[in-house]
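As provided, protein15.csv (CSV, C-alpha atoms) reads as follows.
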```
chain,number,residue,atom,x,y,z
R,1407,MET,CA,0.0,0.0,0.0
R,1408,ARG,CA,2.8,2.4,0.9
R,1409,ARG,CA,4.5,1.7,-2.5
R,1410,ILE,CA,1.3,2.5,-4.3
R,1411,LEU,CA,1.0,5.8,-2.5
R,1412,LEU,CA,4.6,6.7,-3.4
R,1413,VAL,CA,4.1,5.9,-7.0
R,1414,ALA,CA,0.8,7.9,-7.1
R,1415,THR,CA,2.5,10.9,-5.4
R,1416,PHE,CA,5.4,10.7,-8.0
R,1417,PHE,CA,3.0,10.8,-10.9
R,1418,LEU,CA,0.9,13.6,-9.4
R,1419,ALA,CA,4.1,15.7,-9.0
R,1420,LEU,CA,5.2,14.9,-12.5
R,1421,GLY,CA,1.9,15.9,-13.9
R,1422,SER,CA,1.9,19.2,-12.1
R,1423,SER,CA,5.3,20.2,-13.4
R,1424,ALA,CA,4.7,19.1,-17.0
R,1425,GLN,CA,4.8,21.9,-19.5
R,1426,THR,CA,1.8,22.6,-21.6
R,1427,SER,CA,2.3,23.5,-25.3
R,1428,MET,CA,0.6,26.5,-26.9
R,1429,SER,CA,-1.0,24.1,-29.4
R,1430,GLN,CA,-2.8,22.3,-26.5
R,1431,VAL,CA,-3.8,25.6,-25.0
R,1432,PHE,CA,-5.1,27.0,-28.3
R,1433,LYS,CA,-7.2,23.9,-28.9
R,1434,GLN,CA,-8.8,24.2,-25.5
R,1435,MET,CA,-9.5,27.9,-25.8
R,1436,PRO,CA,-13.1,28.4,-24.6
R,1437,ASP,CA,-15.7,30.0,-26.9
R,1438,SER,CA,-16.0,33.0,-24.5
R,1439,VAL,CA,-12.6,34.2,-25.7
R,1440,VAL,CA,-13.4,34.2,-29.4
R,1441,PRO,CA,-17.1,33.3,-29.7
R,1442,TYR,CA,-17.1,33.2,-33.5
R,1443,LEU,CA,-14.2,30.8,-33.9
R,1444,SER,CA,-15.5,27.2,-33.7
R,1445,GLU,CA,-13.6,24.2,-32.4
R,1446,ASN,CA,-13.2,23.0,-36.0
R,1447,ASN,CA,-11.9,26.4,-37.0
R,1448,LYS,CA,-9.2,26.2,-34.3
R,1449,LEU,CA,-8.2,22.7,-35.3
R,1450,ASP,CA,-8.1,23.7,-39.0
R,1451,LEU,CA,-5.9,26.7,-38.3
R,1452,ILE,CA,-3.3,24.4,-36.5
R,1453,ASP,CA,-3.5,21.8,-39.2
R,1454,PHE,CA,-3.0,24.3,-42.0
R,1455,LEU,CA,0.0,25.9,-40.2
R,1456,ASP,CA,1.5,22.5,-39.6
R,1457,SER,CA,1.2,21.7,-43.3
R,1458,ASN,CA,3.0,24.9,-44.3
R,1459,MET,CA,-0.2,26.3,-45.8
R,1460,LYS,CA,-1.7,29.7,-45.1
R,1461,ALA,CA,-3.6,29.1,-41.8
R,1462,GLU,CA,-6.8,31.0,-42.7
R,1463,VAL,CA,-10.4,30.0,-42.1
R,1464,HIS,CA,-13.8,31.6,-42.6
R,1465,ASN,CA,-15.1,32.4,-39.1
R,1466,GLN,CA,-18.8,32.3,-38.1
R,1467,LEU,CA,-19.1,36.1,-38.8
R,1468,GLU,CA,-18.4,35.5,-42.5
R,1469,GLY,CA,-14.9,37.0,-42.1
R,1470,LYS,CA,-11.4,35.6,-42.3
R,1471,THR,CA,-9.3,34.6,-39.3
R,1472,GLU,CA,-5.6,33.8,-39.7
R,1473,LEU,CA,-3.2,32.1,-37.4
R,1474,LEU,CA,0.0,34.0,-38.1
R,1475,SER,CA,2.3,31.9,-35.9
R,1476,LEU,CA,2.3,29.1,-33.5
R,1477,THR,CA,5.3,27.9,-31.5
R,1478,GLU,CA,5.7,25.8,-28.3
R,1479,ARG,CA,5.1,28.9,-26.1
R,1480,ALA,CA,3.4,31.6,-28.3
R,1481,ALA,CA,0.7,32.2,-30.9
R,1482,VAL,CA,-0.5,35.1,-32.9
R,1483,LEU,CA,-4.0,35.2,-34.2
R,1484,GLN,CA,-5.4,37.9,-36.6
R,1485,LEU,CA,-9.1,37.7,-35.9
R,1486,ASN,CA,-10.1,40.3,-38.5
R,1487,GLU,CA,-8.6,43.5,-40.0
R,1488,ALA,CA,-8.8,45.3,-36.7
R,1489,THR,CA,-8.3,42.7,-34.0
R,1490,ARG,CA,-5.2,40.7,-33.2
R,1491,LEU,CA,-4.5,38.3,-30.3
R,1492,ASP,CA,-1.0,37.5,-29.0
R,1493,PHE,CA,-0.8,34.5,-26.7
R,1494,ARG,CA,2.2,33.7,-24.5
R,1495,LEU,CA,2.8,30.9,-22.0
R,1496,LEU,CA,4.7,32.2,-19.0
R,1497,ASP,CA,6.5,30.0,-16.5
R,1498,VAL,CA,5.5,30.8,-12.9
R,1499,ALA,CA,7.5,30.3,-9.7
R,1500,GLU,CA,4.5,29.1,-7.8
R,1501,PRO,CA,2.0,26.7,-9.5
R,1502,VAL,CA,-1.4,28.1,-10.5
R,1503,ASP,CA,-4.2,25.5,-10.6
R,1504,SER,CA,-1.4,22.9,-10.2
R,1505,ALA,CA,0.4,24.0,-13.4
R,1506,ASN,CA,3.7,25.8,-13.7
R,1507,GLN,CA,2.5,28.1,-16.4
R,1508,ILE,CA,0.0,30.8,-16.9
R,1509,LEU,CA,-1.2,32.4,-20.2
R,1510,CYS,CA,-0.9,36.1,-21.0
R,1511,LEU,CA,-3.3,37.3,-23.8
R,1512,ILE,CA,-2.8,40.6,-25.5
R,1513,SER,CA,-5.9,41.7,-27.4
R,1514,THR,CA,-5.2,44.7,-29.7
R,1515,TYR,CA,-8.0,46.5,-31.3
R,1516,GLY,CA,-8.1,49.1,-34.1
R,1517,SER,CA,-6.3,49.7,-37.4
R,1518,ASP,CA,-5.3,53.4,-37.3
R,1519,ILE,CA,-5.5,54.1,-33.6
R,1520,ARG,CA,-4.8,50.9,-31.7
R,1521,ASP,CA,-5.4,50.0,-28.1
R,1522,SER,CA,-4.4,46.8,-26.2
R,1523,GLN,CA,-5.8,44.9,-23.2
R,1524,LEU,CA,-4.0,42.3,-21.2
R,1525,THR,CA,-5.7,39.3,-19.7
R,1526,PHE,CA,-4.2,36.5,-17.7
R,1527,TYR,CA,-5.5,32.9,-17.6
R,1528,SER,CA,-4.4,29.7,-15.9
R,1529,ALA,CA,-3.3,27.0,-18.3
R,1530,GLY,CA,-6.9,25.6,-18.0
R,1531,TRP,CA,-8.3,29.0,-19.1
R,1532,ARG,CA,-9.5,30.2,-15.7
R,1533,LYS,CA,-9.4,34.0,-15.8
R,1534,LEU,CA,-6.9,35.4,-13.3
R,1535,ASP,CA,-6.7,38.9,-11.8
R,1536,ALA,CA,-4.0,40.9,-13.7
R,1537,ALA,CA,-3.0,43.0,-10.7
R,1538,PRO,CA,-0.5,40.5,-9.2
R,1539,TYR,CA,1.2,40.1,-12.5
R,1540,ILE,CA,1.5,43.6,-14.0
R,1541,THR,CA,0.8,47.3,-13.2
R,1542,LEU,CA,-0.9,48.7,-16.3
R,1543,PRO,CA,-0.7,52.4,-17.4
R,1544,ALA,CA,-3.8,54.5,-17.0
R,1545,GLU,CA,-3.6,55.8,-20.6
R,1546,MET,CA,-4.1,54.0,-23.8
R,1547,PHE,CA,-1.3,51.6,-24.8
R,1548,THR,CA,-0.4,49.0,-27.3
R,1549,ALA,CA,1.5,45.9,-26.2
R,1550,SER,CA,3.7,43.4,-27.8
R,1551,PHE,CA,6.0,40.5,-26.8
R,1552,SER,CA,9.6,40.1,-27.7
R,1553,ASP,CA,10.6,37.1,-29.9
R,1554,ASP,CA,12.6,35.6,-27.0
R,1555,GLU,CA,10.3,32.9,-25.6
R,1556,LYS,CA,12.5,31.9,-22.8
R,1557,GLN,CA,12.9,35.4,-21.3
R,1558,PRO,CA,9.7,37.2,-22.4
R,1559,VAL,CA,9.8,40.9,-22.5
R,1560,LEU,CA,6.5,42.9,-22.9
R,1561,THR,CA,6.8,46.3,-24.6
R,1562,LEU,CA,4.1,48.8,-23.8
R,1563,THR,CA,3.8,51.8,-26.2
R,1564,MET,CA,1.9,54.8,-24.9
R,1565,ALA,CA,0.9,57.7,-27.1
R,1566,HIS,CA,-2.0,60.0,-26.7
R,1567,PRO,CA,-4.4,59.6,-29.7
R,1568,LEU,CA,-5.4,63.2,-29.7
R,1569,ASP,CA,-1.7,64.3,-30.2
R,1570,ARG,CA,-1.6,62.7,-33.6
R,1571,PRO,CA,-0.4,64.9,-36.5
R,1572,ALA,CA,-3.2,66.3,-38.7
R,1573,ASN,CA,-1.0,66.3,-41.8
R,1574,GLU,CA,2.4,65.1,-43.0
R,1575,GLU,CA,4.2,68.4,-42.3
R,1576,GLN,CA,3.6,68.1,-38.5
R,1577,LYS,CA,5.9,66.4,-36.2
R,1578,PRO,CA,5.2,62.7,-35.8
R,1579,LEU,CA,3.6,61.5,-32.6
R,1580,LYS,CA,6.0,61.0,-29.7
R,1581,GLU,CA,5.7,57.5,-28.2
R,1582,ASN,CA,6.7,56.4,-24.8
R,1583,LEU,CA,8.1,52.8,-24.7
R,1584,THR,CA,8.3,50.7,-21.5
R,1585,ASN,CA,9.9,47.3,-21.5
R,1586,LEU,CA,8.8,44.9,-18.9
R,1587,LYS,CA,10.6,41.6,-18.2
R,1588,TRP,CA,8.9,38.5,-16.8
R,1589,ASP,CA,10.6,37.2,-13.6
R,1590,GLY,CA,8.4,34.2,-12.9
R,1591,LYS,CA,6.0,36.2,-10.8
R,1592,THR,CA,5.4,39.6,-12.4
R,1593,PHE,CA,6.4,41.9,-15.3
R,1594,ASN,CA,9.0,44.4,-14.1
R,1595,LYS,CA,10.9,47.2,-15.7
R,1596,ASP,CA,14.1,46.1,-17.4
```

Mind turning the file's structure into structure tokens?
Amino acid sequence: MRRILLVATFFLALGSSAQTSMSQVFKQMPDSVVPYLSENNKLDLIDFLDSNMKAEVHNQLEGKTELLSLTERAAVLQLNEATRLDFRLLDVAEPVDSANQILCLISTYGSDIRDSQLTFYSAGWRKLDAAPYITLPAEMFTASFSDDEKQPVLTLTMAHPLDRPANEEQKPLKENLTNLKWDGKTFNKD
């Protein structure tokens, strides 16, 4: 009996430390995140990308959605002309829902004037409070991840949309960039 308990404990510990792939997370994405992308749409996008084809599907709103990239820890999804989702799996120092990773989702809206929102989820898609992981600016911002998946850096770009130049002769809009590095617990300034 003691041996069975030891083996069971070992497998439970092994399961909690196992890494989840972005492909698995993307397949399990609930309808509440993108209601007009069916389960078959998600599977088709992955299959098309794996086959080196353009990963594009017709969504349930009669538009086109494209999976621009999918790696072991990141994905970029262009929902339509004005909406882009950037997914990133982040390793955490302390397990969340018995997983050693959480998911950060950047939703960027707009084509000319853009605005981003950050949402955090457990690996099983339970929505998490963002406050423990990042302090967001009060003004509008756009966000993007660095290409380095092992040491993710989040870049926030702040610019006031009303300060935009009215014509080409005016000075370009001044943008304020902030780089935040993931330390296993929070995003902090570089």

Sorted by chain and rising residue number, list the residues of segment 1483-1581 of chain R at most 12 Å from segment 1426-1433 of chain R (counting all atoms listed in the file), each with its closest atom pair and distance in Å to one decimal, as a tab-separated table.
```
residue	atom	partner	partner_atom	distance
R:Leu1483	CA	R:Phe1432	CA	10.2
R:Leu1491	CA	R:Phe1432	CA	11.5
R:Asp1492	CA	R:Phe1432	CA	11.3
R:Phe1493	CA	R:Met1428	CA	8.1
R:Arg1494	CA	R:Met1428	CA	7.8
R:Leu1495	CA	R:Met1428	CA	6.9
R:Leu1496	CA	R:Thr1426	CA	10.4
R:Asp1497	CA	R:Thr1426	CA	10.1
R:Ser1504	CA	R:Thr1426	CA	11.8
R:Ala1505	CA	R:Thr1426	CA	8.4
R:Asn1506	CA	R:Thr1426	CA	8.7
R:Gln1507	CA	R:Thr1426	CA	7.6
R:Ile1508	CA	R:Thr1426	CA	9.6
R:Leu1509	CA	R:Val1431	CA	8.7
R:Cys1510	CA	R:Met1428	CA	11.4
R:Leu1511	CA	R:Phe1432	CA	11.4
R:Tyr1527	CA	R:Val1431	CA	10.5
R:Ser1528	CA	R:Val1431	CA	10.0
R:Ala1529	CA	R:Val1431	CA	6.9
R:Gly1530	CA	R:Val1431	CA	7.7
R:Trp1531	CA	R:Val1431	CA	8.2
R:Arg1532	CA	R:Val1431	CA	11.8
R:Glu1555	CA	R:Met1428	CA	11.7
```

- Message: Residues within 10 Å of segment 1533-1550 of chain R, please, as a PyMOL selection string. Count only C-alpha atoms; anything in the same chain fewer than 6 positions from it doesn't count.
- Response: chain R and resi 1491-1492+1502+1508-1510+1512-1515+1519-1527+1559-1567+1581-1586+1588-1594

- Query: What separation in Å, quoted to one decimal, exists between atom CA of Gln1466 of chain R and atom CA of Tyr1442 of chain R?
  - Reply: 5.0 Å

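Rounded to one decimal, atom CA of Lys1448 of chain R and atom CA of Ser1552 of chain R lie 24.3 Å from each other.
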
- Between atom CA of Glu1487 of chain R and atom CA of Gly1469 of chain R - distance in Å to one decimal: 9.3 Å

- Query: For Gln1484 of chain R, which of R:Asp1437, R:Glu1462, R:Asp1450, R:Asp1503 is the closest residue, counting all atoms listed in the file?
  - Reply: R:Glu1462
